[in-house]
Amino acid sequence: MIYIGIDLGGTKIAAGVTGLKGNILSEASSATGAQRDYKEVVRDMASCALKALEQSGRSIDKVEAIGIGIPGIADNSTGRVIFCTNLGWHDIPLREELQKHIRKPVFIDNDATVAGLAESMAGVSAGAASSVFLTLGTGVGGAIIINGKPWTGAHGVASELGHLTMEMGGIPCTCGKRGCLERYCSATALIRMGREAVRTHPDSLILLRAGKPEKISGKIIIDCAKEGDPLAVKVFDRYTDYLALAINSIVSFLDPEVIVLGGGISMAGQFLLDAVNKKMPRYLMFKTMPYGRVELAVLGNSAGIIGAAMLGMILKEGESL
Ligand SMILES: [Zn+2]
């Protein structure tokens, strides 16, 4: 038996065929072309899936189900996308439309949720009874996995960890609220902090590397911090203060076995883990009690395809998470 996973991004569609353990057998991708009519995007998703299937050398009869990770929220009982802001989708019959091209069971969920599911089944949190996944990218996505299944809540909006309010009346967020966690813990936030800091410290290595403030990236700040540039160290320190505080809120609320950090910022590797782990005890309520280990995601970009494919393994038709 094989599964198809489709990772629908704002700029790229990636599809892959996986085996039962989430091992990718083949992959295909194309541009999303998000400005087009949704039917055209879905047609390309189907083409990508069929191309990957052809490359795998397997026949369509062997495909058990298709899973899709979307940058938004969906209702698996209806197969409809509720919101997908990046694509301008609202109440789209994604399952029905895809089944016009490929007649297989289709399951849909949020991209961070499927990436967290992938890590919990085939990645760094495999074997853990509970884990929380945070993607530290343009925004902050979250996934809560309990006993092998994503916890999406009574109304499908649980794990929106990036939009927990960290600061009342704080920085405006893309969601319309202010002071959301992702305004302080995303790569975008780190870059903003870097740009603010070089205004008063133009002699910093950050600006020397970037050339101009608009070119400052998360990687430049992290690299400069690793090299000991005082301003970069300060900026990274402020960023990890927020991140450690965010992780602590998760620990207090859910006490998961593992907290997995993914997304662009997690490329900082051990440097990031060391900074976070050093700060964790500062915020812990029960300082002598053990708490969940903080780990780096290991599946990278493949998590989207693997986790989407896994939706088909854990769900039955008509069933919601
Ligand atoms: Zn928000």
# chains A, B, ... in the order shown; residues from 1 in each chain; ligands from 1

call {"tool": "residues_near_ligand", "arguments": {"ligand": "ligand 1", "cutoff": "7 Å", "atoms": "only C-alpha atoms and all ligand atoms", "output": "list in words"}}
result
Gly162, His163, Cys173, Thr174, Cys175, Gly176, Lys177, Arg178, Cys180 and Glu182 of chain A

call {"tool": "closest_atom_pairs", "arguments": {"of": "segment 100-209 of chain A", "to": "segment 20-35 of chain A", "cutoff": "12 Å", "atoms": "only C-alpha atoms", "output": "JSON lines"}}
result
{"residue": "A:Val114", "atom": "CA", "partner": "A:Gly22", "partner_atom": "CA", "distance": 12.0}
{"residue": "A:Ala115", "atom": "CA", "partner": "A:Gly22", "partner_atom": "CA", "distance": 11.8}
{"residue": "A:Leu117", "atom": "CA", "partner": "A:Gly22", "partner_atom": "CA", "distance": 10.7}
{"residue": "A:Ala118", "atom": "CA", "partner": "A:Gly22", "partner_atom": "CA", "distance": 7.7}
{"residue": "A:Glu119", "atom": "CA", "partner": "A:Gly22", "partner_atom": "CA", "distance": 10.2}
{"residue": "A:Ser120", "atom": "CA", "partner": "A:Gly22", "partner_atom": "CA", "distance": 11.1}
{"residue": "A:Met121", "atom": "CA", "partner": "A:Gly22", "partner_atom": "CA", "distance": 8.0}
{"residue": "A:Ala122", "atom": "CA", "partner": "A:Gly22", "partner_atom": "CA", "distance": 6.5}
{"residue": "A:Gly123", "atom": "CA", "partner": "A:Gly22", "partner_atom": "CA", "distance": 9.7}
{"residue": "A:Ala126", "atom": "CA", "partner": "A:Lys21", "partner_atom": "CA", "distance": 11.2}

call {"tool": "closest_residue", "arguments": {"among": "A:Pro213, A:Phe133, A:Val233, A:Gly142", "to": "Val298 of chain A", "atoms": "only C-alpha atoms"}}
result
A:Phe133

call {"tool": "closest_atom_pairs", "arguments": {"of": "segment 207-257 of chain A", "to": "segment 186-193 of chain A", "cutoff": "10 Å", "atoms": "only C-alpha atoms", "output": "Markdown table"}}
result
| residue | atom | partner | partner_atom | distance |
| --- | --- | --- | --- | --- |
| A:Pro213 | CA | A:Ile191 | CA | 9.3 |
| A:Glu214 | CA | A:Ile191 | CA | 9.2 |
| A:Lys215 | CA | A:Ile191 | CA | 9.4 |
| A:Ile216 | CA | A:Ile191 | CA | 6.4 |
| A:Ser217 | CA | A:Ile191 | CA | 5.8 |
| A:Gly218 | CA | A:Ile191 | CA | 5.5 |
| A:Lys219 | CA | A:Ala187 | CA | 9.1 |
| A:Ile220 | CA | A:Ile191 | CA | 9.2 |
| A:Ile221 | CA | A:Ile191 | CA | 7.6 |
| A:Ile222 | CA | A:Leu190 | CA | 9.2 |
| A:Ala232 | CA | A:Met193 | CA | 9.7 |
| A:Lys234 | CA | A:Met193 | CA | 9.8 |
| A:Val235 | CA | A:Met193 | CA | 6.3 |
| A:Phe236 | CA | A:Leu190 | CA | 7.4 |
| A:Arg238 | CA | A:Met193 | CA | 8.4 |
| A:Tyr239 | CA | A:Leu190 | CA | 6.2 |
| A:Thr240 | CA | A:Leu190 | CA | 9.4 |
| A:Leu243 | CA | A:Ser186 | CA | 9.0 |

call {"tool": "write_last_selection", "arguments": {"atoms": "N, CA and C atoms", "output": "PDB file, in the first residue's frame"}}
result
ATOM      1  N   PRO A 213      20.053  47.722   5.486  1.00  0.00           N
ATOM      2  CA  PRO A 213      19.095  47.119   6.431  1.00  0.00           C
ATOM      3  C   PRO A 213      18.079  46.173   5.777  1.00  0.00           C
ATOM      4  N   GLU A 214      17.634  46.517   4.547  1.00  0.00           N
ATOM      5  CA  GLU A 214      16.618  45.673   3.884  1.00  0.00           C
ATOM      6  C   GLU A 214      17.150  44.290   3.555  1.00  0.00           C
ATOM      7  N   LYS A 215      18.462  44.152   3.508  1.00  0.00           N
ATOM      8  CA  LYS A 215      19.050  42.852   3.137  1.00  0.00           C
ATOM      9  C   LYS A 215      19.351  41.973   4.354  1.00  0.00           C
ATOM     10  N   ILE A 216      19.033  42.474   5.541  1.00  0.00           N
ATOM     11  CA  ILE A 216      19.308  41.675   6.746  1.00  0.00           C
ATOM     12  C   ILE A 216      18.392  40.463   6.764  1.00  0.00           C
ATOM     13  N   SER A 217      18.976  39.289   6.935  1.00  0.00           N
ATOM     14  CA  SER A 217      18.198  38.047   7.003  1.00  0.00           C
ATOM     15  C   SER A 217      18.411  37.406   8.368  1.00  0.00           C
ATOM     16  N   GLY A 218      17.563  36.443   8.678  1.00  0.00           N
ATOM     17  CA  GLY A 218      17.717  35.703   9.928  1.00  0.00           C
ATOM     18  C   GLY A 218      19.066  35.006   9.973  1.00  0.00           C
ATOM     19  N   LYS A 219      19.479  34.470   8.830  1.00  0.00           N
ATOM     20  CA  LYS A 219      20.749  33.731   8.765  1.00  0.00           C
ATOM     21  C   LYS A 219      21.933  34.657   9.063  1.00  0.00           C
ATOM     22  N   ILE A 220      21.888  35.873   8.498  1.00  0.00           N
ATOM     23  CA  ILE A 220      22.993  36.822   8.740  1.00  0.00           C
ATOM     24  C   ILE A 220      23.092  37.129  10.233  1.00  0.00           C
ATOM     25  N   ILE A 221      21.950  37.389  10.873  1.00  0.00           N
ATOM     26  CA  ILE A 221      21.971  37.716  12.310  1.00  0.00           C
ATOM     27  C   ILE A 221      22.534  36.547  13.115  1.00  0.00           C
ATOM     28  N   ILE A 222      22.047  35.336  12.782  1.00  0.00           N
ATOM     29  CA  ILE A 222      22.494  34.148  13.521  1.00  0.00           C
ATOM     30  C   ILE A 222      23.991  33.891  13.289  1.00  0.00           C
ATOM     31  N   ALA A 232      24.724  41.464  17.356  1.00  0.00           N
ATOM     32  CA  ALA A 232      24.006  40.260  16.914  1.00  0.00           C
ATOM     33  C   ALA A 232      23.706  39.352  18.101  1.00  0.00           C
ATOM     34  N   LYS A 234      23.233  40.321  21.119  1.00  0.00           N
ATOM     35  CA  LYS A 234      22.157  40.973  21.874  1.00  0.00           C
ATOM     36  C   LYS A 234      20.789  40.738  21.213  1.00  0.00           C
ATOM     37  N   VAL A 235      20.758  40.864  19.902  1.00  0.00           N
ATOM     38  CA  VAL A 235      19.503  40.667  19.163  1.00  0.00           C
ATOM     39  C   VAL A 235      19.041  39.213  19.308  1.00  0.00           C
ATOM     40  N   PHE A 236      19.964  38.280  19.113  1.00  0.00           N
ATOM     41  CA  PHE A 236      19.625  36.862  19.208  1.00  0.00           C
ATOM     42  C   PHE A 236      19.192  36.498  20.631  1.00  0.00           C
ATOM     43  N   ARG A 238      17.681  38.501  22.723  1.00  0.00           N
ATOM     44  CA  ARG A 238      16.323  39.013  22.917  1.00  0.00           C
ATOM     45  C   ARG A 238      15.324  38.062  22.256  1.00  0.00           C
ATOM     46  N   TYR A 239      15.655  37.617  21.046  1.00  0.00           N
ATOM     47  CA  TYR A 239      14.786  36.686  20.322  1.00  0.00           C
ATOM     48  C   TYR A 239      14.588  35.392  21.124  1.00  0.00           C
ATOM     49  N   THR A 240      15.673  34.831  21.628  1.00  0.00           N
ATOM     50  CA  THR A 240      15.557  33.562  22.354  1.00  0.00           C
ATOM     51  C   THR A 240      14.891  33.744  23.726  1.00  0.00           C
ATOM     52  N   LEU A 243      11.398  33.277  22.702  1.00  0.00           N
ATOM     53  CA  LEU A 243      11.143  31.882  22.321  1.00  0.00           C
ATOM     54  C   LEU A 243      11.088  30.977  23.554  1.00  0.00           C
TER      55      LEU A 243
END

call {"tool": "atom_distance", "arguments": {"atom1": "atom CA of Leu296 of chain A", "atom2": "atom CA of Thr135 of chain A"}}
result
10.2 Å

call {"tool": "residues_around", "arguments": {"residues": "Gly304 of chain A", "least_positions_apart": "3", "cutoff": "12 Å", "atoms": "only C-alpha atoms", "output": "VMD selection string"}}
result
chain A and resid 4 to 9 12 to 16 18 22 24 27 67 to 71 108 to 119 135 262 to 263 299 to 301 307 to 311

call {"tool": "write_last_selection", "arguments": {"atoms": "C-alpha atoms", "output": "short mmCIF file (atom, residue, chain, number, x, y, z; two decimals), in the first residue's frame"}}
result
data_model
loop_
_atom_site.label_atom_id
_atom_site.label_comp_id
_atom_site.auth_asym_id
_atom_site.auth_seq_id
_atom_site.Cartn_x
_atom_site.Cartn_y
_atom_site.Cartn_z
CA ILE A 4 0.25 10.37 -1.75
CA GLY A 5 1.10 13.51 0.19
CA ILE A 6 0.64 16.98 -1.31
CA ASP A 7 2.25 20.03 0.25
CA LEU A 8 0.36 23.07 -1.03
CA GLY A 9 2.41 26.20 -0.43
CA LYS A 12 5.06 25.81 -4.69
CA ILE A 13 3.05 22.61 -4.94
CA ALA A 14 5.06 19.53 -3.92
CA ALA A 15 3.66 16.02 -4.17
CA GLY A 16 5.20 12.74 -3.16
CA THR A 18 5.28 7.42 0.36
CA GLY A 22 6.49 7.73 5.54
CA ILE A 24 9.30 9.05 0.17
CA GLU A 27 8.45 13.48 -5.72
CA GLY A 67 -3.38 13.79 2.11
CA ILE A 68 -2.94 17.52 1.62
CA GLY A 69 -1.23 20.07 3.86
CA ILE A 70 -2.51 23.61 3.27
CA PRO A 71 -1.42 27.00 4.64
CA ILE A 108 -6.76 17.88 4.33
CA ASP A 109 -5.08 19.68 7.21
CA ASN A 110 -2.97 22.65 8.16
CA ASP A 111 0.66 22.58 6.97
CA ALA A 112 2.19 22.98 10.44
CA THR A 113 -0.11 20.24 11.74
CA VAL A 114 1.02 17.79 9.06
CA ALA A 115 4.69 18.69 9.58
CA GLY A 116 4.28 18.05 13.32
CA LEU A 117 2.54 14.76 12.55
CA ALA A 118 5.44 13.75 10.27
CA GLU A 119 8.03 14.48 12.98
CA THR A 135 7.69 26.19 12.83
CA GLY A 262 11.29 23.55 12.81
CA GLY A 263 11.30 26.21 10.08
CA LEU A 299 12.66 16.05 8.25
CA GLY A 300 13.08 19.57 6.80
CA ASN A 301 11.00 20.35 3.72
CA GLY A 307 2.84 14.37 7.13
CA ALA A 308 0.18 14.93 4.46
CA ALA A 309 0.55 11.31 3.35
CA MET A 310 0.22 10.23 6.99
CA LEU A 311 -3.18 11.91 7.28
#

call {"tool": "residues_around", "arguments": {"residues": "Leu261 of chain A", "least_positions_apart": "2", "cutoff": "9 Å", "atoms": "only C-alpha atoms", "output": "PDB file with N, CA, C and O atoms, in the first residue's frame"}}
result
ATOM      1  N   VAL A 132       4.764  18.819  20.810  1.00  0.00           N
ATOM      2  CA  VAL A 132       4.299  20.077  20.226  1.00  0.00           C
ATOM      3  C   VAL A 132       5.357  20.506  19.229  1.00  0.00           C
ATOM      4  O   VAL A 132       6.558  20.414  19.486  1.00  0.00           O
ATOM      5  N   PHE A 133       4.901  20.905  18.049  1.00  0.00           N
ATOM      6  CA  PHE A 133       5.799  21.304  16.972  1.00  0.00           C
ATOM      7  C   PHE A 133       5.613  22.787  16.697  1.00  0.00           C
ATOM      8  O   PHE A 133       4.479  23.268  16.619  1.00  0.00           O
ATOM      9  N   LEU A 134       6.700  23.514  16.592  1.00  0.00           N
ATOM     10  CA  LEU A 134       6.636  24.947  16.267  1.00  0.00           C
ATOM     11  C   LEU A 134       7.474  25.207  15.019  1.00  0.00           C
ATOM     12  O   LEU A 134       8.649  24.846  14.990  1.00  0.00           O
ATOM     13  N   THR A 135       6.879  25.791  13.985  1.00  0.00           N
ATOM     14  CA  THR A 135       7.687  26.187  12.826  1.00  0.00           C
ATOM     15  C   THR A 135       8.033  27.647  12.990  1.00  0.00           C
ATOM     16  O   THR A 135       7.157  28.497  13.113  1.00  0.00           O
ATOM     17  N   LEU A 136       9.324  27.922  12.989  1.00  0.00           N
ATOM     18  CA  LEU A 136       9.791  29.296  13.154  1.00  0.00           C
ATOM     19  C   LEU A 136      10.210  29.802  11.792  1.00  0.00           C
ATOM     20  O   LEU A 136      11.375  29.715  11.407  1.00  0.00           O
ATOM     21  N   ILE A 259       9.217  19.102  22.609  1.00  0.00           N
ATOM     22  CA  ILE A 259       8.852  20.316  21.875  1.00  0.00           C
ATOM     23  C   ILE A 259       9.819  20.379  20.701  1.00  0.00           C
ATOM     24  O   ILE A 259      11.041  20.423  20.895  1.00  0.00           O
ATOM     25  N   GLY A 263      11.305  24.942  10.815  1.00  0.00           N
ATOM     26  CA  GLY A 263      11.303  26.210  10.076  1.00  0.00           C
ATOM     27  C   GLY A 263      12.709  26.789   9.958  1.00  0.00           C
ATOM     28  O   GLY A 263      13.669  26.245  10.524  1.00  0.00           O
ATOM     29  N   ILE A 265      14.465  29.252  11.188  1.00  0.00           N
ATOM     30  CA  ILE A 265      15.293  29.589  12.357  1.00  0.00           C
ATOM     31  C   ILE A 265      15.939  28.338  12.965  1.00  0.00           C
ATOM     32  O   ILE A 265      17.026  28.407  13.540  1.00  0.00           O
ATOM     33  N   SER A 266      15.276  27.184  12.804  1.00  0.00           N
ATOM     34  CA  SER A 266      15.830  25.958  13.404  1.00  0.00           C
ATOM     35  C   SER A 266      17.137  25.551  12.728  1.00  0.00           C
ATOM     36  O   SER A 266      17.885  24.717  13.244  1.00  0.00           O
ATOM     37  N   LEU A 273      19.336  25.702  20.245  1.00  0.00           N
ATOM     38  CA  LEU A 273      18.933  24.827  21.359  1.00  0.00           C
ATOM     39  C   LEU A 273      19.631  25.214  22.657  1.00  0.00           C
ATOM     40  O   LEU A 273      19.006  25.272  23.718  1.00  0.00           O
ATOM     41  N   VAL A 294      13.559  19.863  24.385  1.00  0.00           N
ATOM     42  CA  VAL A 294      13.417  20.709  23.201  1.00  0.00           C
ATOM     43  C   VAL A 294      14.357  20.141  22.136  1.00  0.00           C
ATOM     44  O   VAL A 294      15.537  19.911  22.400  1.00  0.00           O
ATOM     45  N   GLU A 295      13.815  19.869  20.956  1.00  0.00           N
ATOM     46  CA  GLU A 295      14.608  19.240  19.895  1.00  0.00           C
ATOM     47  C   GLU A 295      14.460  20.003  18.583  1.00  0.00           C
ATOM     48  O   GLU A 295      13.507  20.762  18.400  1.00  0.00           O
ATOM     49  N   LEU A 296      15.371  19.751  17.646  1.00  0.00           N
ATOM     50  CA  LEU A 296      15.272  20.352  16.313  1.00  0.00           C
ATOM     51  C   LEU A 296      14.585  19.369  15.375  1.00  0.00           C
ATOM     52  O   LEU A 296      14.834  18.159  15.453  1.00  0.00           O
ATOM     53  N   ALA A 297      13.725  19.889  14.493  1.00  0.00           N
ATOM     54  CA  ALA A 297      13.075  19.037  13.499  1.00  0.00           C
ATOM     55  C   ALA A 297      14.142  18.417  12.601  1.00  0.00           C
ATOM     56  O   ALA A 297      15.184  19.024  12.367  1.00  0.00           O
TER      57      ALA A 297
END

call {"tool": "select_by_dssp", "arguments": {"residues": "segment 116-239 of chain A", "states": "alpha helix (DSSP H)", "output": "JSON, numbers by chain"}}
result
{"A": [116, 117, 118, 119, 120, 121, 122, 182, 183, 184, 185, 187, 188, 189, 190, 191, 192, 193, 194, 195, 196, 197, 198, 199, 200, 205, 206, 207, 208, 209, 210, 218, 219, 220, 221, 222, 223, 224, 225, 226, 230, 231, 232, 233, 234, 235, 236, 237, 238, 239]}

call {"tool": "select_by_dssp", "arguments": {"residues": "segment 90-257 of chain A", "states": "strand (DSSP E or B)", "output": "short mmCIF file (atom, residue, chain, number, x, y, z; two decimals) with N, CA and C atoms, in the first residue's frame"}}
result
data_model
loop_
_atom_site.label_atom_id
_atom_site.label_comp_id
_atom_site.auth_asym_id
_atom_site.auth_seq_id
_atom_site.Cartn_x
_atom_site.Cartn_y
_atom_site.Cartn_z
N HIS A 90 -11.49 30.81 0.29
CA HIS A 90 -12.46 30.81 1.38
C HIS A 90 -13.58 29.87 0.99
N ASP A 91 -13.81 28.86 1.82
CA ASP A 91 -14.84 27.85 1.59
C ASP A 91 -14.71 27.21 0.19
N ILE A 92 -13.61 26.51 0.00
CA ILE A 92 -13.31 25.87 -1.30
C ILE A 92 -13.50 24.35 -1.18
N VAL A 106 -9.56 11.62 0.19
CA VAL A 106 -8.70 12.82 0.33
C VAL A 106 -8.86 13.41 1.73
N PHE A 107 -7.73 13.66 2.38
CA PHE A 107 -7.74 14.27 3.73
C PHE A 107 -6.92 15.56 3.69
N ILE A 108 -7.40 16.56 4.40
CA ILE A 108 -6.76 17.88 4.33
C ILE A 108 -6.48 18.41 5.73
N ASP A 109 -5.32 18.99 5.93
CA ASP A 109 -5.08 19.68 7.21
C ASP A 109 -4.05 20.78 7.06
N ASN A 110 -3.90 21.53 8.12
CA ASN A 110 -2.97 22.65 8.16
C ASN A 110 -1.52 22.18 7.95
N SER A 130 3.35 12.45 23.45
CA SER A 130 2.84 13.80 23.21
C SER A 130 3.98 14.70 22.75
N SER A 131 3.67 15.52 21.78
CA SER A 131 4.68 16.48 21.31
C SER A 131 4.01 17.73 20.77
N VAL A 132 4.76 18.82 20.81
CA VAL A 132 4.30 20.08 20.23
C VAL A 132 5.36 20.51 19.23
N PHE A 133 4.90 20.91 18.05
CA PHE A 133 5.80 21.30 16.97
C PHE A 133 5.61 22.79 16.70
N LEU A 134 6.70 23.51 16.59
CA LEU A 134 6.64 24.95 16.27
C LEU A 134 7.47 25.21 15.02
N THR A 135 6.88 25.79 13.98
CA THR A 135 7.69 26.19 12.83
C THR A 135 8.03 27.65 12.99
N LEU A 136 9.32 27.92 12.99
CA LEU A 136 9.79 29.30 13.15
C LEU A 136 10.21 29.80 11.79
N VAL A 140 4.72 31.82 12.67
CA VAL A 140 4.95 30.68 13.57
C VAL A 140 3.73 29.77 13.50
N GLY A 141 3.97 28.54 13.02
CA GLY A 141 2.89 27.56 12.95
C GLY A 141 3.04 26.60 14.10
N GLY A 142 1.94 25.98 14.50
CA GLY A 142 2.01 25.05 15.62
C GLY A 142 1.25 23.77 15.36
N ALA A 143 1.69 22.70 16.01
CA ALA A 143 0.96 21.44 15.96
C ALA A 143 1.06 20.78 17.31
N ILE A 144 -0.06 20.19 17.74
CA ILE A 144 -0.08 19.45 19.00
C ILE A 144 -0.41 18.01 18.64
N ILE A 145 0.49 17.08 18.96
CA ILE A 145 0.25 15.68 18.61
C ILE A 145 0.12 14.88 19.91
N ILE A 146 -1.02 14.26 20.08
CA ILE A 146 -1.25 13.46 21.28
C ILE A 146 -1.64 12.05 20.88
N LYS A 149 -2.03 11.37 17.13
CA LYS A 149 -2.98 12.15 16.33
C LYS A 149 -2.85 13.64 16.62
N PRO A 150 -2.98 14.47 15.59
CA PRO A 150 -2.97 15.91 15.85
C PRO A 150 -4.21 16.31 16.64
N THR A 165 -1.53 35.61 22.36
CA THR A 165 -1.07 36.99 22.60
C THR A 165 0.09 36.99 23.60
N PRO A 172 1.42 44.89 15.61
CA PRO A 172 0.29 44.38 14.82
C PRO A 172 0.65 43.11 14.06
N ARG A 178 -3.04 42.16 17.78
CA ARG A 178 -1.76 42.78 18.13
C ARG A 178 -1.01 41.90 19.12
N CYS A 180 0.83 39.18 18.84
CA CYS A 180 0.84 37.71 18.72
C CYS A 180 2.25 37.15 18.85
#

call {"tool": "closest_residue", "arguments": {"among": "A:Ile73, A:Ile60, A:Asn277, A:Tyr38", "to": "Pro93 of chain A", "atoms": "only C-alpha atoms"}}
result
A:Tyr38

call {"tool": "closest_residue", "arguments": {"among": "A:Pro105, A:Gly10, A:Gly19, A:Gly179", "to": "Cys84 of chain A", "atoms": "only C-alpha atoms"}}
result
A:Gly10

call {"tool": "residues_around", "arguments": {"residues": "Met280 of chain A", "least_positions_apart": "4", "cutoff": "12 Å", "atoms": "only C-alpha atoms", "output": "list of chain:residue names"}}
result
A:Thr240, A:Asp241, A:Tyr242, A:Leu243, A:Ala244, A:Leu245, A:Ala246, A:Ile247, A:Asn248, A:Ser249, A:Ile250, A:Val251, A:Ser252, A:Leu273, A:Asp274, A:Ala275, A:Val276, A:Leu284, A:Met285, A:Phe286, A:Lys287, A:Pro290, A:Tyr291, A:Gly292, A:Arg293, A:Val294
